[in-house]
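See below for coords-v7.pdb, which holds PDB, C-alpha atoms.
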MODEL        1
ATOM      1  CA  MET T   1      83.724  46.712 -19.765
ATOM      2  CA  ASN T   2      81.582  48.115 -16.954
ATOM      3  CA  ILE T   3      78.308  50.082 -17.006
ATOM      4  CA  LYS T   4      80.086  53.460 -16.737
ATOM      5  CA  LYS T   5      82.205  52.720 -19.810
ATOM      6  CA  ILE T   6      79.105  51.601 -21.700
ATOM      7  CA  LYS T   7      77.429  54.909 -20.840
ATOM      8  CA  ILE T   8      80.491  56.874 -22.034
ATOM      9  CA  ILE T   9      80.422  54.932 -25.309
ATOM     10  CA  GLY T  10      76.696  55.703 -25.419
ATOM     11  CA  VAL T  11      77.366  59.448 -25.457
ATOM     12  CA  PHE T  12      79.281  59.080 -28.705
ATOM     13  CA  GLY T  13      76.897  56.449 -30.102
ATOM     14  CA  ILE T  14      73.839  58.624 -29.550
ATOM     15  CA  PHE T  15      75.692  61.671 -30.888
ATOM     16  CA  ILE T  16      76.475  59.823 -34.132
ATOM     17  CA  MET T  17      72.920  58.454 -34.260
ATOM     18  CA  SER T  18      71.587  62.026 -33.985
ATOM     19  CA  PHE T  19      73.196  62.948 -37.315
ATOM     20  CA  ILE T  20      71.572  59.927 -38.955
ATOM     21  CA  VAL T  21      68.173  60.848 -37.490
ATOM     22  CA  HIS T  22      68.622  64.468 -38.627
ATOM     23  CA  PHE T  23      68.715  63.421 -42.288
ATOM     24  CA  LEU T  24      66.422  60.390 -42.082
ATOM     25  CA  TYR T  25      63.284  62.085 -43.440
ATOM     26  CA  LYS T  26      65.185  63.497 -46.416
ATOM     27  CA  LEU T  27      66.389  59.976 -47.202
ATOM     28  CA  ILE T  28      63.058  58.215 -46.534
ATOM     29  CA  PRO T  29      60.191  60.742 -46.816
ATOM     30  CA  ILE T  30      57.313  58.632 -45.508
ATOM     31  CA  THR T  31      54.750  59.336 -42.789
ATOM     32  CA  ILE T  32      56.224  57.115 -40.058
ATOM     33  CA  ILE T  33      59.650  58.726 -40.527
ATOM     34  CA  SER T  34      58.066  62.202 -40.362
ATOM     35  CA  ILE T  35      56.944  61.339 -36.836
ATOM     36  CA  LEU T  36      60.356  60.008 -35.785
ATOM     37  CA  ALA T  37      62.698  62.494 -37.480
ATOM     38  CA  PRO T  38      62.692  66.219 -38.270
ATOM     39  CA  VAL T  39      60.893  67.273 -41.446
ATOM     40  CA  ASN T  40      62.263  70.818 -41.393
ATOM     41  CA  GLU T  41      64.833  72.986 -39.622
ATOM     42  CA  SER T  42      62.598  74.353 -36.856
ATOM     43  CA  ILE T  43      63.640  74.173 -33.223
ATOM     44  CA  TRP T  44      60.693  71.906 -32.412
ATOM     45  CA  GLU T  45      61.358  69.383 -35.151
ATOM     46  CA  HIS T  46      64.927  69.033 -33.920
ATOM     47  CA  MET T  47      63.679  67.779 -30.571
ATOM     48  CA  LYS T  48      62.812  64.567 -32.421
ATOM     49  CA  ILE T  49      66.554  64.093 -32.882
ATOM     50  CA  ILE T  50      67.113  64.008 -29.129
ATOM     51  CA  TYR T  51      64.298  61.545 -28.510
ATOM     52  CA  THR T  52      64.602  59.237 -31.502
ATOM     53  CA  SER T  53      68.392  58.925 -31.509
ATOM     54  CA  TYR T  54      68.200  57.931 -27.839
ATOM     55  CA  ILE T  55      65.467  55.365 -28.511
ATOM     56  CA  LEU T  56      67.253  53.877 -31.531
ATOM     57  CA  TYR T  57      70.605  53.676 -29.750
ATOM     58  CA  SER T  58      68.902  51.886 -26.856
ATOM     59  CA  ILE T  59      68.881  48.704 -28.965
ATOM     60  CA  ILE T  60      72.683  48.710 -28.931
ATOM     61  CA  ASP T  61      72.665  49.827 -25.306
ATOM     62  CA  TYR T  62      70.426  46.925 -24.331
ATOM     63  CA  LEU T  63      72.723  44.412 -26.015
ATOM     64  CA  LEU T  64      75.742  45.869 -24.216
ATOM     65  CA  LEU T  65      73.984  45.954 -20.841
ATOM     66  CA  LYS T  66      72.078  42.660 -20.840
ATOM     67  CA  LYS T  67      74.806  40.785 -18.929
ATOM     68  CA  TYR T  68      74.687  43.302 -16.048
ATOM     69  CA  ASN T  69      72.197  43.458 -13.217
ATOM     70  CA  ILE T  70      70.430  46.679 -14.212
ATOM     71  CA  ASN T  71      67.093  48.164 -13.246
ATOM     72  CA  ASN T  72      64.639  50.555 -14.837
ATOM     73  CA  PHE T  73      65.802  50.102 -18.430
ATOM     74  CA  SER T  74      62.299  50.646 -19.830
ATOM     75  CA  LEU T  75      61.626  53.602 -17.567
ATOM     76  CA  GLN T  76      64.839  55.396 -18.470
ATOM     77  CA  LEU T  77      64.110  54.739 -22.137
ATOM     78  CA  SER T  78      61.125  57.047 -22.092
ATOM     79  CA  LEU T  79      61.956  59.587 -19.392
ATOM     80  CA  VAL T  80      65.637  60.365 -19.955
ATOM     81  CA  PRO T  81      65.292  61.744 -23.505
ATOM     82  CA  LEU T  82      62.231  63.708 -22.378
ATOM     83  CA  ILE T  83      64.380  65.303 -19.672
ATOM     84  CA  GLY T  84      66.996  65.945 -22.373
ATOM     85  CA  ILE T  85      64.471  67.805 -24.511
ATOM     86  CA  ILE T  86      63.306  69.959 -21.602
ATOM     87  CA  VAL T  87      66.852  70.877 -20.541
ATOM     88  CA  TYR T  88      67.904  71.530 -24.149
ATOM     89  CA  LEU T  89      64.993  73.914 -24.706
ATOM     90  CA  MET T  90      65.560  75.663 -21.356
ATOM     91  CA  ILE T  91      69.133  76.462 -22.383
ATOM     92  CA  TYR T  92      68.721  76.850 -26.141
ATOM     93  CA  ILE T  93      65.674  79.129 -26.416
ATOM     94  CA  PRO T  94      66.988  82.050 -24.303
ATOM     95  CA  ILE T  95      70.311  81.963 -26.143
ATOM     96  CA  TYR T  96      68.558  81.618 -29.536
ATOM     97  CA  ASN T  97      66.451  84.677 -28.664
ATOM     98  CA  ILE T  98      69.645  86.659 -27.990
ATOM     99  CA  ILE T  99      72.060  85.497 -30.709
ATOM    100  CA  GLY T 100      69.871  83.582 -33.166
ATOM    101  CA  GLU T 101      70.817  80.324 -34.846
ATOM    102  CA  ASN T 102      74.391  79.150 -34.253
ATOM    103  CA  ILE T 103      75.208  75.664 -35.542
ATOM    104  CA  ILE T 104      78.311  75.236 -33.357
ATOM    105  CA  PHE T 105      76.354  76.131 -30.224
ATOM    106  CA  SER T 106      73.460  73.858 -31.251
ATOM    107  CA  ILE T 107      75.707  70.846 -31.853
ATOM    108  CA  GLY T 108      77.794  71.530 -28.750
ATOM    109  CA  LEU T 109      74.673  71.785 -26.602
ATOM    110  CA  LEU T 110      73.356  68.574 -28.139
ATOM    111  CA  PHE T 111      76.561  66.792 -27.099
ATOM    112  CA  VAL T 112      76.292  68.164 -23.535
ATOM    113  CA  ILE T 113      72.624  67.104 -23.333
ATOM    114  CA  ILE T 114      73.482  63.587 -24.527
ATOM    115  CA  ALA T 115      76.208  63.368 -21.873
ATOM    116  CA  LEU T 116      73.692  64.540 -19.246
ATOM    117  CA  GLU T 117      71.200  61.953 -20.483
ATOM    118  CA  GLN T 118      73.772  59.182 -20.142
ATOM    119  CA  PHE T 119      74.612  60.391 -16.617
ATOM    120  CA  ILE T 120      70.937  60.234 -15.617
ATOM    121  CA  ASN T 121      70.576  56.916 -17.468
ATOM    122  CA  TYR T 122      73.454  55.401 -15.486
ATOM    123  CA  HIS T 123      71.939  56.419 -12.168
ATOM    124  CA  LEU T 124      68.502  55.081 -13.088
ATOM    125  CA  LEU T 125      70.022  51.758 -14.163
ATOM    126  CA  ILE T 126      71.808  51.238 -10.851
ATOM    127  CA  TYR T 127      68.930  52.569  -8.722
ATOM    128  CA  LYS T 128      66.493  50.101  -7.178
ATOM    129  CA  ASN T 129      63.800  48.862  -9.512
ATOM    130  CA  ILE T 130      60.843  51.236  -9.801
ATOM    131  CA  ARG T 131      57.575  49.360 -10.023
ATOM    132  CA  CYS T 132      55.307  50.105 -12.979
ATOM    133  CA  GLY T 133      58.314  51.318 -14.995
ATOM    134  CA  ASN T 134      57.385  49.306 -18.082
ATOM    135  CA  ILE T 135      53.835  50.641 -18.177
ATOM    136  CA  ILE T 136      54.958  54.226 -17.565
ATOM    137  CA  SER T 137      57.572  53.870 -20.293
ATOM    138  CA  LEU T 138      55.211  52.530 -22.927
ATOM    139  CA  ILE T 139      52.559  55.156 -22.210
ATOM    140  CA  THR T 140      55.148  57.961 -22.239
ATOM    141  CA  ILE T 141      56.685  56.882 -25.556
ATOM    142  CA  ILE T 142      53.256  56.647 -27.181
ATOM    143  CA  ILE T 143      52.297  60.109 -25.887
ATOM    144  CA  ILE T 144      55.587  61.677 -26.994
ATOM    145  CA  TYR T 145      55.369  60.319 -30.538
ATOM    146  CA  THR T 146      51.672  61.202 -30.740
ATOM    147  CA  VAL T 147      52.567  64.792 -29.859
ATOM    148  CA  PHE T 148      55.465  64.778 -32.341
ATOM    149  CA  GLY T 149      53.187  63.439 -35.074
ATOM    150  CA  TYR T 150      50.339  65.821 -34.360
ATOM    151  CA  LEU T 151      52.582  68.892 -34.211
ATOM    152  CA  THR T 152      54.400  67.880 -37.390
ATOM    153  CA  TYR T 153      51.135  68.026 -39.317
ATOM    154  CA  HIS T 154      49.388  70.695 -37.192
ATOM    155  CA  PRO T 155      52.165  72.987 -35.900
ATOM    156  CA  ILE T 156      51.535  75.912 -33.617
ATOM    157  CA  LYS T 157      52.203  79.248 -35.322
ATOM    158  CA  ASN T 158      55.131  80.099 -33.068
ATOM    159  CA  TYR T 159      58.798  80.737 -33.825
ATOM    160  CA  ILE T 160      59.766  77.428 -32.179
ATOM    161  CA  PHE T 161      57.825  75.623 -34.924
ATOM    162  CA  PHE T 162      58.940  77.913 -37.776
ATOM    163  CA  ASP T 163      61.576  76.762 -40.262
ATOM    164  CA  THR T 164      63.392  79.965 -41.216
ATOM    165  CA  LYS T 165      65.285  78.279 -44.077
ATOM    166  CA  GLU T 166      62.155  77.253 -45.988
ATOM    167  CA  SER T 167      59.722  79.740 -44.396
ATOM    168  CA  LYS T 168      57.280  77.096 -43.303
ATOM    169  CA  TYR T 169      55.711  75.408 -40.334
ATOM    170  CA  GLY T 170      55.534  71.646 -39.942
ATOM    171  CA  ILE T 171      55.797  69.288 -42.834
ATOM    172  CA  ASN T 172      54.226  71.388 -45.561
ATOM    173  CA  ILE T 173      52.530  74.473 -44.146
ATOM    174  CA  TYR T 174      54.108  77.593 -45.628
ATOM    175  CA  ALA T 175      54.035  80.920 -43.846
ATOM    176  CA  LYS T 176      52.048  83.727 -45.409
TER     177      LYS T 176
ENDMDL
END

What's the structure tokens form of this structure?
Amino acid sequence: MNIKKIKIIGVFGIFIMSFIVHFLYKLIPITIISILAPVNESIWEHMKIIYTSYILYSIIDYLLLKKYNINNFSLQLSLVPLIGIIVYLMIYIPIYNIIGENIIFSIGLLFVIIALEQFINYHLLIYKNIRCGNIISLITIIIIYTVFGYLTYHPIKNYIFFDTKESKYGINIYAK
């Protein structure tokens, strides 16, 4: 198996992992999980799915890739899912504003974003080693999860953070 095949497998692995992450907080409702997984059905909380499923799948990815001469594994670990979130929101929000929530579109777009992430991941892995990648990666992951945690417990009163199913913001802040 070569790196390209591993990345193709990764698309499906991350996609499956995203469904696990989606329901993780309902299964294990503790603080650390509330930072890693969505606590409601808002657009913002679902961005945790993109980031966390990628991070969790990276354990399997690392095991599959360790026999290859790859570069920038740590760097791609933090930056690629961040790029995925940005691209997802750039596509999703304008369409959401026009047609509203559509589960088929949301899941389809998630699959496309994961495929894009794996494409970027592949190119970062075969690119020359970028110095300071490990430090950048660690700092980025800490910042991302700090933002996720803060906004879970202190959400902005904006439709991106609003859970229309339960009429609330964040983990337990109900709309008035």

Just the number, please: distance in Å from CA of Ile3 in chain T to CA of Tyr57 in chain T, one decimal.
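CA of Ile3 in chain T sits 15.3 Å away from CA of Tyr57 in chain T.
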
Go through the shown structure with the PyMOL selection byres ((chain T and resi 151) around 12) and write out the matching residues as a ChimeraX atom specification.
/T:34-36,38-39,42,44-45,47-48,144-150,152-158,160-162,169-173

Residues selected by the PyMOL selection byres ((chain T and resi 74) around 9), written as a ChimeraX atom specification:
/T:71-73,75-79,133-138

Centre and size of axis-aligned box enclosing range 44-56 of chain T plus 5 Å each side, as lines of an AutoDock Vina configuration file:
center_x = 64.5
center_y = 62.9
center_z = -31.5
size_x = 17.7
size_y = 28.0
size_z = 17.3

What does the distance from CA of Ile49 in chain T to CA of Phe19 in chain T come to in Å, to one decimal?
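That distance, rounded to one decimal, is 8.1 Å.
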
To one decimal in Å, tell me the separation between CA of Ile50 in chain T and CA of Lys66 in chain T.
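CA of Ile50 in chain T sits 23.4 Å away from CA of Lys66 in chain T.
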
Tell me which residues the PyMOL selection byres ((chain T and resi 10) around 9) grabs here, as number ranges by chain.
T: 5-9, 11-15, 57-58, 60-61, 114-115, 118

Shortest interatomic distance to Leu56 in chain T - which of T:Ile32, T:Leu82, T:Leu27, T:Met17, counting only C-alpha atoms:
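Closest candidate: T:Met17.
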
In terms of only C-alpha atoms, the residue from T:Ile55, T:Ile43, T:Ile93, T:Ile126 at minimal distance from Val21 in chain T is T:Ile55

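Ranking T:Pro94, T:Glu166, T:Tyr88, T:Tyr122 by their shortest atom-to-atom distance to Gly108 in chain T, with all atoms listed in the file included, puts T:Tyr88 first.
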
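Counting all atoms listed in the file, the residue from T:Ile20, T:Met1, T:Ile70, T:Ile103 that sits nearest to Lys128 in chain T is T:Ile70.
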
Considering all atoms listed in the file, state which residue in the set T:Ile130, T:Ile59, T:Leu24, T:Ile95 is at the smallest distance from Ala37 in chain T.
T:Leu24

Export: range 55-170 of chain T, C-alpha atoms, as a PDB file, in the first residue's frame:
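out26.pdb written:
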ATOM      1  CA  ILE T  55      -7.100  14.426  15.039  1.00  0.00           C
ATOM      2  CA  LEU T  56      -8.428  11.097  16.337  1.00  0.00           C
ATOM      3  CA  TYR T  57      -8.014   9.352  12.985  1.00  0.00           C
ATOM      4  CA  SER T  58      -4.423  10.602  12.837  1.00  0.00           C
ATOM      5  CA  ILE T  59      -3.472   7.869  15.327  1.00  0.00           C
ATOM      6  CA  ILE T  60      -4.445   5.246  12.753  1.00  0.00           C
ATOM      7  CA  ASP T  61      -2.922   7.363   9.998  1.00  0.00           C
ATOM      8  CA  TYR T  62       0.381   7.558  11.852  1.00  0.00           C
ATOM      9  CA  LEU T  63       0.518   3.786  12.279  1.00  0.00           C
ATOM     10  CA  LEU T  64      -0.167   3.277   8.572  1.00  0.00           C
ATOM     11  CA  LEU T  65       2.394   5.882   7.501  1.00  0.00           C
ATOM     12  CA  LYS T  66       5.268   5.225   9.907  1.00  0.00           C
ATOM     13  CA  LYS T  67       7.137   2.959   7.462  1.00  0.00           C
ATOM     14  CA  TYR T  68       7.198   5.693   4.785  1.00  0.00           C
ATOM     15  CA  ASN T  69       9.549   8.635   4.539  1.00  0.00           C
ATOM     16  CA  ILE T  70       7.045  11.406   5.277  1.00  0.00           C
ATOM     17  CA  ASN T  71       7.462  14.998   6.372  1.00  0.00           C
ATOM     18  CA  ASN T  72       5.354  17.511   8.246  1.00  0.00           C
ATOM     19  CA  PHE T  73       3.075  15.011   9.985  1.00  0.00           C
ATOM     20  CA  SER T  74       2.696  17.218  13.069  1.00  0.00           C
ATOM     21  CA  LEU T  75       2.189  20.357  11.020  1.00  0.00           C
ATOM     22  CA  GLN T  76      -0.522  18.848   8.845  1.00  0.00           C
ATOM     23  CA  LEU T  77      -2.209  17.510  11.971  1.00  0.00           C
ATOM     24  CA  SER T  78      -3.069  20.989  13.153  1.00  0.00           C
ATOM     25  CA  LEU T  79      -3.388  23.006   9.951  1.00  0.00           C
ATOM     26  CA  VAL T  80      -5.269  20.695   7.585  1.00  0.00           C
ATOM     27  CA  PRO T  81      -8.451  20.361   9.680  1.00  0.00           C
ATOM     28  CA  LEU T  82      -8.349  24.114  10.319  1.00  0.00           C
ATOM     29  CA  ILE T  83      -8.325  24.650   6.551  1.00  0.00           C
ATOM     30  CA  GLY T  84     -11.202  22.151   6.354  1.00  0.00           C
ATOM     31  CA  ILE T  85     -13.257  24.179   8.818  1.00  0.00           C
ATOM     32  CA  ILE T  86     -12.644  27.433   6.947  1.00  0.00           C
ATOM     33  CA  VAL T  87     -13.550  25.942   3.557  1.00  0.00           C
ATOM     34  CA  TYR T  88     -16.608  24.179   5.000  1.00  0.00           C
ATOM     35  CA  LEU T  89     -17.928  27.413   6.504  1.00  0.00           C
ATOM     36  CA  MET T  90     -17.191  29.395   3.321  1.00  0.00           C
ATOM     37  CA  ILE T  91     -19.356  26.989   1.326  1.00  0.00           C
ATOM     38  CA  TYR T  92     -21.938  26.024   3.942  1.00  0.00           C
ATOM     39  CA  ILE T  93     -22.967  29.400   5.386  1.00  0.00           C
ATOM     40  CA  PRO T  94     -24.063  31.080   2.115  1.00  0.00           C
ATOM     41  CA  ILE T  95     -26.044  27.993   1.126  1.00  0.00           C
ATOM     42  CA  TYR T  96     -27.515  27.662   4.653  1.00  0.00           C
ATOM     43  CA  ASN T  97     -28.615  31.309   4.445  1.00  0.00           C
ATOM     44  CA  ILE T  98     -30.445  30.549   1.180  1.00  0.00           C
ATOM     45  CA  ILE T  99     -31.979  27.099   1.746  1.00  0.00           C
ATOM     46  CA  GLY T 100     -31.602  26.496   5.487  1.00  0.00           C
ATOM     47  CA  GLU T 101     -30.573  23.216   7.073  1.00  0.00           C
ATOM     48  CA  ASN T 102     -30.276  20.263   4.687  1.00  0.00           C
ATOM     49  CA  ILE T 103     -28.798  17.091   6.180  1.00  0.00           C
ATOM     50  CA  ILE T 104     -27.896  15.542   2.808  1.00  0.00           C
ATOM     51  CA  PHE T 105     -26.025  18.677   1.753  1.00  0.00           C
ATOM     52  CA  SER T 106     -24.289  18.913   5.149  1.00  0.00           C
ATOM     53  CA  ILE T 107     -23.085  15.304   5.069  1.00  0.00           C
ATOM     54  CA  GLY T 108     -22.133  15.493   1.392  1.00  0.00           C
ATOM     55  CA  LEU T 109     -20.127  18.661   1.986  1.00  0.00           C
ATOM     56  CA  LEU T 110     -18.452  17.038   4.980  1.00  0.00           C
ATOM     57  CA  PHE T 111     -17.332  14.151   2.755  1.00  0.00           C
ATOM     58  CA  VAL T 112     -15.968  16.571   0.122  1.00  0.00           C
ATOM     59  CA  ILE T 113     -14.118  18.561   2.813  1.00  0.00           C
ATOM     60  CA  ILE T 114     -12.568  15.379   4.227  1.00  0.00           C
ATOM     61  CA  ALA T 115     -11.418  14.402   0.727  1.00  0.00           C
ATOM     62  CA  LEU T 116      -9.925  17.893   0.285  1.00  0.00           C
ATOM     63  CA  GLU T 117      -8.202  17.578   3.657  1.00  0.00           C
ATOM     64  CA  GLN T 118      -6.652  14.261   2.655  1.00  0.00           C
ATOM     65  CA  PHE T 119      -5.484  15.797  -0.641  1.00  0.00           C
ATOM     66  CA  ILE T 120      -3.773  18.650   1.221  1.00  0.00           C
ATOM     67  CA  ASN T 121      -2.470  16.174   3.817  1.00  0.00           C
ATOM     68  CA  TYR T 122      -0.855  14.048   1.100  1.00  0.00           C
ATOM     69  CA  HIS T 123       0.932  17.024  -0.415  1.00  0.00           C
ATOM     70  CA  LEU T 124       2.203  18.241   2.955  1.00  0.00           C
ATOM     71  CA  LEU T 125       3.516  14.763   3.780  1.00  0.00           C
ATOM     72  CA  ILE T 126       5.551  14.519   0.581  1.00  0.00           C
ATOM     73  CA  TYR T 127       6.704  18.159   0.656  1.00  0.00           C
ATOM     74  CA  LYS T 128      10.110  18.977   2.119  1.00  0.00           C
ATOM     75  CA  ASN T 129      10.209  19.180   5.886  1.00  0.00           C
ATOM     76  CA  ILE T 130       9.080  22.547   7.246  1.00  0.00           C
ATOM     77  CA  ARG T 131      11.143  23.600  10.227  1.00  0.00           C
ATOM     78  CA  CYS T 132       9.300  24.454  13.438  1.00  0.00           C
ATOM     79  CA  GLY T 133       6.349  22.299  12.332  1.00  0.00           C
ATOM     80  CA  ASN T 134       6.064  20.515  15.674  1.00  0.00           C
ATOM     81  CA  ILE T 135       5.963  23.745  17.662  1.00  0.00           C
ATOM     82  CA  ILE T 136       3.475  25.364  15.279  1.00  0.00           C
ATOM     83  CA  SER T 137       1.302  22.255  15.441  1.00  0.00           C
ATOM     84  CA  LEU T 138       1.196  22.048  19.217  1.00  0.00           C
ATOM     85  CA  ILE T 139       0.450  25.753  19.626  1.00  0.00           C
ATOM     86  CA  THR T 140      -2.267  25.630  16.947  1.00  0.00           C
ATOM     87  CA  ILE T 141      -4.015  22.603  18.468  1.00  0.00           C
ATOM     88  CA  ILE T 142      -3.995  24.201  21.917  1.00  0.00           C
ATOM     89  CA  ILE T 143      -5.414  27.459  20.524  1.00  0.00           C
ATOM     90  CA  ILE T 144      -8.113  25.681  18.508  1.00  0.00           C
ATOM     91  CA  TYR T 145      -9.348  23.615  21.451  1.00  0.00           C
ATOM     92  CA  THR T 146      -9.153  26.634  23.762  1.00  0.00           C
ATOM     93  CA  VAL T 147     -11.413  28.519  21.353  1.00  0.00           C
ATOM     94  CA  PHE T 148     -13.748  25.518  21.046  1.00  0.00           C
ATOM     95  CA  GLY T 149     -13.941  25.214  24.830  1.00  0.00           C
ATOM     96  CA  TYR T 150     -14.461  28.907  25.456  1.00  0.00           C
ATOM     97  CA  LEU T 151     -17.167  29.254  22.802  1.00  0.00           C
ATOM     98  CA  THR T 152     -18.947  26.127  24.021  1.00  0.00           C
ATOM     99  CA  TYR T 153     -19.438  27.721  27.428  1.00  0.00           C
ATOM    100  CA  HIS T 154     -19.548  31.379  26.288  1.00  0.00           C
ATOM    101  CA  PRO T 155     -21.097  31.340  22.791  1.00  0.00           C
ATOM    102  CA  ILE T 156     -21.581  34.438  20.710  1.00  0.00           C
ATOM    103  CA  LYS T 157     -25.256  35.307  20.242  1.00  0.00           C
ATOM    104  CA  ASN T 158     -25.187  34.676  16.504  1.00  0.00           C
ATOM    105  CA  TYR T 159     -27.089  32.214  14.323  1.00  0.00           C
ATOM    106  CA  ILE T 160     -23.895  30.203  13.723  1.00  0.00           C
ATOM    107  CA  PHE T 161     -23.848  29.380  17.450  1.00  0.00           C
ATOM    108  CA  PHE T 162     -27.620  28.856  17.794  1.00  0.00           C
ATOM    109  CA  ASP T 163     -29.069  25.352  18.055  1.00  0.00           C
ATOM    110  CA  THR T 164     -32.466  25.640  16.367  1.00  0.00           C
ATOM    111  CA  LYS T 165     -33.575  22.180  17.556  1.00  0.00           C
ATOM    112  CA  GLU T 166     -33.245  22.982  21.265  1.00  0.00           C
ATOM    113  CA  SER T 167     -33.386  26.795  20.998  1.00  0.00           C
ATOM    114  CA  LYS T 168     -30.141  27.333  22.823  1.00  0.00           C
ATOM    115  CA  TYR T 169     -26.610  28.581  22.500  1.00  0.00           C
ATOM    116  CA  GLY T 170     -23.598  26.596  23.649  1.00  0.00           C
TER     117      GLY T 170
END
